[in-house]
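So the structure is just underneath, and the comments pick up after that.
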Amino acid sequence: MSAVLKSNEQAERKAYYDKIGKADVAPLWEVLHGLVIKEPKSPCQPAIWKWQQMRPWIMESGQLITAEEAERRVLILENPGVRGKSRITNSLYAGLQLILPGEIARAHRHTQSALRFVIEGKGAYTTVDGERVNMTPGDFIITPSWCWHDHGNPGNEPVIWLDGLDVQIVELLDAQFMERPDEKSQKTRGTAGSALARFGQTMLPLNYKASTSTSPLFWYPYDRSRGALEELKGAEDPHPSHGWKLQYVNPANGKSAMPTIGTYLQMLPKNFRGKNYRATDATAFTVMEGTGKVIIGDRTFEYEPKDVFIAPSWINYRFETTAESVIFSFSDRPVQQALDLWREQDAA
Ligand code: 1HN
């Protein structure tokens, strides 16, 4: 309240607030204008995590703690505007996970959904409800809500991937559950290759009935997704802000591959001068190929492969490339769309 009050009025109101406050009651008029604002004003900030800096720290974590002791050996990418809250945006968690040769990360399951985007190294696998996927850089892999999952690295090089989880969405709703089985690694009943055959060929098993809204195709190999962008590049002009951008979908319903997290892959041509764009879904990006700059609000970041950066809600961003770039991204867009909240704005 900005009105000028006489001191007796002020004292009277304070006494009243104190009285009702003791019974957990509060006056809306003191907070209304902070609750209902003209447009999003996120506490999250634009930020970049440079691979050059992160890689040595990730490798150092491998000397400090085993995957076994850590359960998951991950460095969380915390948005500088909301430190200490284990989040990269208000609604989403992101981290970089390391698994060294010979290690396993034990099985568990939880109601939070996870995505993996493989950043570096070959020879590791993740098993999702008994189906094993060998992880290759650029692959997008889903661990759906309440599915058993464990990781392992029988290969001979360290493997690092980006984890994205809907931790803060599930927390907002107080719907967290988790379980650990007795066995540390699941028995595998097949490989993700069979999921690709069943669901990844614009065909479906005759008797397929979805039991959840998460994609039954939980492995989207990089060569296929990148190949699609390469085709588009030959077929149509790039979007003025996004270049050629595709969303990963659930082939059984045409919707987002994950119900809570939207996932995207885009290609930007060399010397692209992108137009400003903003949307209400704060978006985390990781660079698979290429170099350039991304201008987010009043910050300019040079990007290289494996860097991670974040464009907060409703802040303009644009790309200026120096080499053809391929960039993976994720956000809470499907949640906002399901609730009729999502808005976007292209540059005028
Ligand atoms: C989790 O289960 C994994 O399974 C990674 O690899 C990161 C962050 C928060 C909560 C659960 C994993 C996680 C996580």
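All residue names refer to the structure tokens as shown: chains lettered A, B, ... in order, residues numbered from 1 in each chain, ligands numbered from 1 in order.
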Give me, as a Markdown table, the closest atom pair and its distance (Å, one decimal) for every residue of chain A within a cut-off of 10 Å of ligand 1, counting only C-alpha atoms and all ligand atoms, rows sorted by chain and rising number.
```
| residue | atom | partner | partner_atom_place_in_ligand_line | distance |
| --- | --- | --- | --- | --- |
| A:Glu71 | CA | ligand 1 | 12 (C) | 8.3 |
| A:Arg72 | CA | ligand 1 | 6 (O) | 5.8 |
| A:Arg73 | CA | ligand 1 | 5 (C) | 8.1 |
| A:Val74 | CA | ligand 1 | 7 (C) | 6.7 |
| A:Leu75 | CA | ligand 1 | 7 (C) | 9.2 |
| A:Ile76 | CA | ligand 1 | 8 (C) | 8.1 |
| A:Ser86 | CA | ligand 1 | 9 (C) | 8.4 |
| A:Arg87 | CA | ligand 1 | 9 (C) | 9.7 |
| A:Tyr93 | CA | ligand 1 | 8 (C) | 7.1 |
| A:Ala94 | CA | ligand 1 | 8 (C) | 7.6 |
| A:Gly95 | CA | ligand 1 | 7 (C) | 6.8 |
| A:Leu96 | CA | ligand 1 | 7 (C) | 8.4 |
| A:Gln97 | CA | ligand 1 | 5 (C) | 7.1 |
| A:Leu98 | CA | ligand 1 | 6 (O) | 9.6 |
| A:Ile99 | CA | ligand 1 | 6 (O) | 10.0 |
| A:Ala105 | CA | ligand 1 | 6 (O) | 7.5 |
| A:Arg106 | CA | ligand 1 | 4 (O) | 8.5 |
| A:Ala107 | CA | ligand 1 | 4 (O) | 7.9 |
| A:His108 | CA | ligand 1 | 2 (O) | 7.2 |
| A:Arg109 | CA | ligand 1 | 2 (O) | 7.1 |
| A:His110 | CA | ligand 1 | 2 (O) | 7.2 |
| A:Thr111 | CA | ligand 1 | 11 (C) | 9.4 |
| A:Gln112 | CA | ligand 1 | 11 (C) | 7.2 |
| A:Ser113 | CA | ligand 1 | 2 (O) | 8.6 |
| A:Ala114 | CA | ligand 1 | 3 (C) | 7.0 |
| A:Leu115 | CA | ligand 1 | 5 (C) | 8.8 |
| A:Arg116 | CA | ligand 1 | 6 (O) | 8.1 |
| A:Thr126 | CA | ligand 1 | 6 (O) | 8.7 |
| A:Val128 | CA | ligand 1 | 4 (O) | 10.0 |
| A:Thr143 | CA | ligand 1 | 4 (O) | 7.9 |
| A:Trp148 | CA | ligand 1 | 4 (O) | 8.9 |
| A:His149 | CA | ligand 1 | 4 (O) | 6.4 |
| A:Asp150 | CA | ligand 1 | 4 (O) | 6.7 |
| A:His151 | CA | ligand 1 | 6 (O) | 7.2 |
| A:Trp161 | CA | ligand 1 | 6 (O) | 9.4 |
| A:Leu162 | CA | ligand 1 | 5 (C) | 8.9 |
| A:Asp163 | CA | ligand 1 | 7 (C) | 5.9 |
| A:Gly164 | CA | ligand 1 | 7 (C) | 7.4 |
| A:Leu165 | CA | ligand 1 | 8 (C) | 6.5 |
| A:Asp166 | CA | ligand 1 | 9 (C) | 8.7 |
| A:Val167 | CA | ligand 1 | 9 (C) | 6.5 |
| A:Gln168 | CA | ligand 1 | 9 (C) | 9.7 |
| A:Met178 | CA | ligand 1 | 2 (O) | 9.2 |
```
Check: Got a sec: who's within 8 Å of region 246-261 of chain A, counting only C-alpha atoms, leaving out chain neighbours fewer than 4 positions off, as a ChimeraX atom specification?
Finding: /A:113,142,144,165-166,199-200,202,204,210,213-217,229,265-266,330-335
Note to self: Env of Thr127 (chain A): 10 Å cut, atoms = only C-alpha atoms, seq-sep filter 3 positions within chain, self excluded. Answer as a ChimeraX atom specification.
What the structure shows: /A:107,130-134,143,147-152,185-192
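One distance worth recording is that between CA of Ile327 (chain A) and CA of Ala228 (chain A), which is 13.6 Å.
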Item checked: Which of region 2-197 of chain A DSSP labels alpha helix (DSSP H), written as a VMD selection string -> chain A and resid 7 to 21 32 to 35 51 to 64 67 to 70 167 to 172 192 to 197
Using only N, CA and C atoms, please write the residues we just selected to a file, as a compact mmCIF listing (two decimals), in the first residue's frame.
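The resulting file, selection_15.txt, is shown below:
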```
# COMPACT_ATOMS: atom_id res chain seq x y z
N SER A 7 -0.20 8.41 11.47
CA SER A 7 0.43 7.40 12.31
C SER A 7 -0.60 6.62 13.13
N ASN A 8 -1.72 7.27 13.49
CA ASN A 8 -2.71 6.52 14.26
C ASN A 8 -3.40 5.46 13.40
N GLU A 9 -3.58 5.79 12.09
CA GLU A 9 -4.16 4.80 11.17
C GLU A 9 -3.19 3.63 10.99
N GLN A 10 -1.91 3.99 10.84
CA GLN A 10 -0.87 2.97 10.68
C GLN A 10 -0.86 2.01 11.87
N ALA A 11 -0.91 2.61 13.06
CA ALA A 11 -0.86 1.80 14.29
C ALA A 11 -2.10 0.92 14.40
N GLU A 12 -3.23 1.50 14.00
CA GLU A 12 -4.49 0.76 14.06
C GLU A 12 -4.45 -0.47 13.14
N ARG A 13 -3.92 -0.23 11.92
CA ARG A 13 -3.84 -1.34 10.97
C ARG A 13 -2.87 -2.40 11.46
N LYS A 14 -1.72 -1.95 11.98
CA LYS A 14 -0.71 -2.91 12.42
C LYS A 14 -1.29 -3.79 13.53
N ALA A 15 -1.99 -3.16 14.46
CA ALA A 15 -2.58 -3.93 15.58
C ALA A 15 -3.57 -4.96 15.04
N TYR A 16 -4.33 -4.51 14.03
CA TYR A 16 -5.31 -5.42 13.40
C TYR A 16 -4.60 -6.59 12.72
N TYR A 17 -3.54 -6.28 11.94
CA TYR A 17 -2.79 -7.34 11.24
C TYR A 17 -2.18 -8.31 12.25
N ASP A 18 -1.65 -7.77 13.35
CA ASP A 18 -1.04 -8.63 14.38
C ASP A 18 -2.09 -9.57 14.97
N LYS A 19 -3.27 -9.00 15.21
CA LYS A 19 -4.34 -9.79 15.83
C LYS A 19 -4.76 -10.94 14.92
N ILE A 20 -5.06 -10.61 13.65
CA ILE A 20 -5.53 -11.69 12.75
C ILE A 20 -4.38 -12.61 12.36
N GLY A 21 -3.16 -12.07 12.34
CA GLY A 21 -1.97 -12.87 11.98
C GLY A 21 -1.76 -14.03 12.94
N LEU A 32 -1.54 -7.84 -2.79
CA LEU A 32 -2.21 -8.09 -4.07
C LEU A 32 -1.35 -7.73 -5.27
N HIS A 33 -0.71 -6.56 -5.23
CA HIS A 33 0.01 -6.10 -6.42
C HIS A 33 1.31 -6.87 -6.66
N GLY A 34 1.75 -7.61 -5.67
CA GLY A 34 2.90 -8.50 -5.89
C GLY A 34 2.46 -9.87 -6.37
N LEU A 35 1.21 -10.21 -6.12
CA LEU A 35 0.71 -11.54 -6.52
C LEU A 35 0.22 -11.53 -7.96
N TRP A 51 31.28 -25.36 -20.76
CA TRP A 51 31.82 -26.72 -20.68
C TRP A 51 33.28 -26.73 -20.25
N GLN A 52 34.02 -25.76 -20.79
CA GLN A 52 35.44 -25.65 -20.46
C GLN A 52 35.66 -25.58 -18.95
N GLN A 53 34.75 -24.92 -18.25
CA GLN A 53 34.85 -24.82 -16.79
C GLN A 53 34.23 -26.04 -16.11
N MET A 54 33.13 -26.53 -16.65
CA MET A 54 32.40 -27.61 -16.00
C MET A 54 33.13 -28.95 -16.10
N ARG A 55 33.74 -29.24 -17.25
CA ARG A 55 34.31 -30.57 -17.43
C ARG A 55 35.34 -30.93 -16.36
N PRO A 56 36.34 -30.04 -16.10
CA PRO A 56 37.29 -30.38 -15.04
C PRO A 56 36.63 -30.58 -13.68
N TRP A 57 35.61 -29.80 -13.38
CA TRP A 57 34.92 -29.96 -12.08
C TRP A 57 34.16 -31.26 -12.01
N ILE A 58 33.55 -31.65 -13.14
CA ILE A 58 32.83 -32.93 -13.18
C ILE A 58 33.82 -34.07 -12.97
N MET A 59 34.96 -34.01 -13.68
CA MET A 59 35.96 -35.07 -13.55
C MET A 59 36.52 -35.10 -12.12
N GLU A 60 36.68 -33.93 -11.52
CA GLU A 60 37.16 -33.86 -10.14
C GLU A 60 36.17 -34.54 -9.18
N SER A 61 34.89 -34.40 -9.47
CA SER A 61 33.88 -35.04 -8.60
C SER A 61 34.05 -36.55 -8.62
N GLY A 62 34.59 -37.08 -9.74
CA GLY A 62 34.84 -38.51 -9.85
C GLY A 62 35.92 -39.00 -8.90
N GLN A 63 36.78 -38.07 -8.45
CA GLN A 63 37.83 -38.42 -7.47
C GLN A 63 37.30 -38.30 -6.04
N LEU A 64 36.27 -37.49 -5.87
CA LEU A 64 35.76 -37.17 -4.53
C LEU A 64 34.80 -38.20 -3.99
N ALA A 67 30.06 -43.24 -7.71
CA ALA A 67 28.64 -43.21 -8.12
C ALA A 67 27.82 -44.00 -7.10
N GLU A 68 28.42 -45.06 -6.57
CA GLU A 68 27.74 -45.91 -5.58
C GLU A 68 27.37 -45.10 -4.33
N GLU A 69 28.36 -44.38 -3.79
CA GLU A 69 28.08 -43.62 -2.56
C GLU A 69 27.11 -42.47 -2.83
N ALA A 70 27.31 -41.81 -3.99
CA ALA A 70 26.49 -40.64 -4.31
C ALA A 70 25.05 -41.03 -4.68
N VAL A 167 11.38 -31.88 -11.09
CA VAL A 167 11.40 -31.94 -9.61
C VAL A 167 10.51 -30.88 -8.98
N GLN A 168 10.60 -29.64 -9.47
CA GLN A 168 9.88 -28.54 -8.80
C GLN A 168 8.39 -28.54 -9.14
N ILE A 169 8.03 -29.15 -10.25
CA ILE A 169 6.60 -29.27 -10.57
C ILE A 169 5.97 -30.29 -9.62
N VAL A 170 6.66 -31.41 -9.45
CA VAL A 170 6.14 -32.46 -8.57
C VAL A 170 6.13 -31.96 -7.12
N GLU A 171 7.14 -31.16 -6.78
CA GLU A 171 7.22 -30.60 -5.42
C GLU A 171 6.08 -29.61 -5.17
N LEU A 172 5.79 -28.78 -6.17
CA LEU A 172 4.70 -27.81 -6.05
C LEU A 172 3.40 -28.52 -5.69
N ALA A 192 16.48 -51.03 -26.12
CA ALA A 192 15.61 -49.96 -26.61
C ALA A 192 15.42 -50.07 -28.11
N GLY A 193 16.26 -50.89 -28.76
CA GLY A 193 16.09 -51.10 -30.20
C GLY A 193 14.69 -51.61 -30.49
N SER A 194 14.14 -52.42 -29.61
CA SER A 194 12.80 -52.94 -29.89
C SER A 194 11.75 -51.86 -29.71
N ALA A 195 11.97 -50.91 -28.79
CA ALA A 195 11.04 -49.77 -28.67
C ALA A 195 11.08 -48.94 -29.95
N LEU A 196 12.28 -48.81 -30.51
CA LEU A 196 12.44 -48.05 -31.76
C LEU A 196 11.68 -48.75 -32.89
N ALA A 197 11.73 -50.07 -32.92
CA ALA A 197 11.01 -50.83 -33.96
C ALA A 197 9.50 -50.72 -33.77
```
Margin query: Among region 78-173 of chain A, which residues does DSSP mark as strand (DSSP E or B) when it is run on the backbone? Keep the chain and numbering as in the structure and answer as an NGL selection string.
Written below: :A and (93-99 or 104-110 or 114-120 or 125-128 or 131-134 or 140-143 or 149-152 or 159-165)
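Here CA of Gly297 (chain A) is placed at a distance of 11.9 Å from CA of Phe319 (chain A).
Omitting region 233-242 of chain A and its sequence neighbours fewer than 4 positions away, and counting only C-alpha atoms, the residues within 7 Å are Leu229, Gln266, Gly274, Lys275, Asn276, Tyr277 and Arg318 of chain A.
CA of Lys85 (chain A) lies 22.7 Å from CA of Arg299 (chain A).
Using only C-alpha atoms, the nearest neighbour of Trp342 (chain A) within the list A:Leu173, A:Leu232, A:Ala311, A:Ala279 is A:Ala279.
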Notebook entry, point to check: What lies within 10 Å of Gly123 (chain A) using only C-alpha atoms, ignoring chain neighbours under 4 positions off, as a list of chain:residue names?
Noted result: A:Leu100, A:Pro101, A:Asn134, A:Met135, A:Thr136, A:Gly152, A:Asn153, A:Pro154, A:Gly155, A:Asn156, A:Glu157, A:Pro158, A:Val159
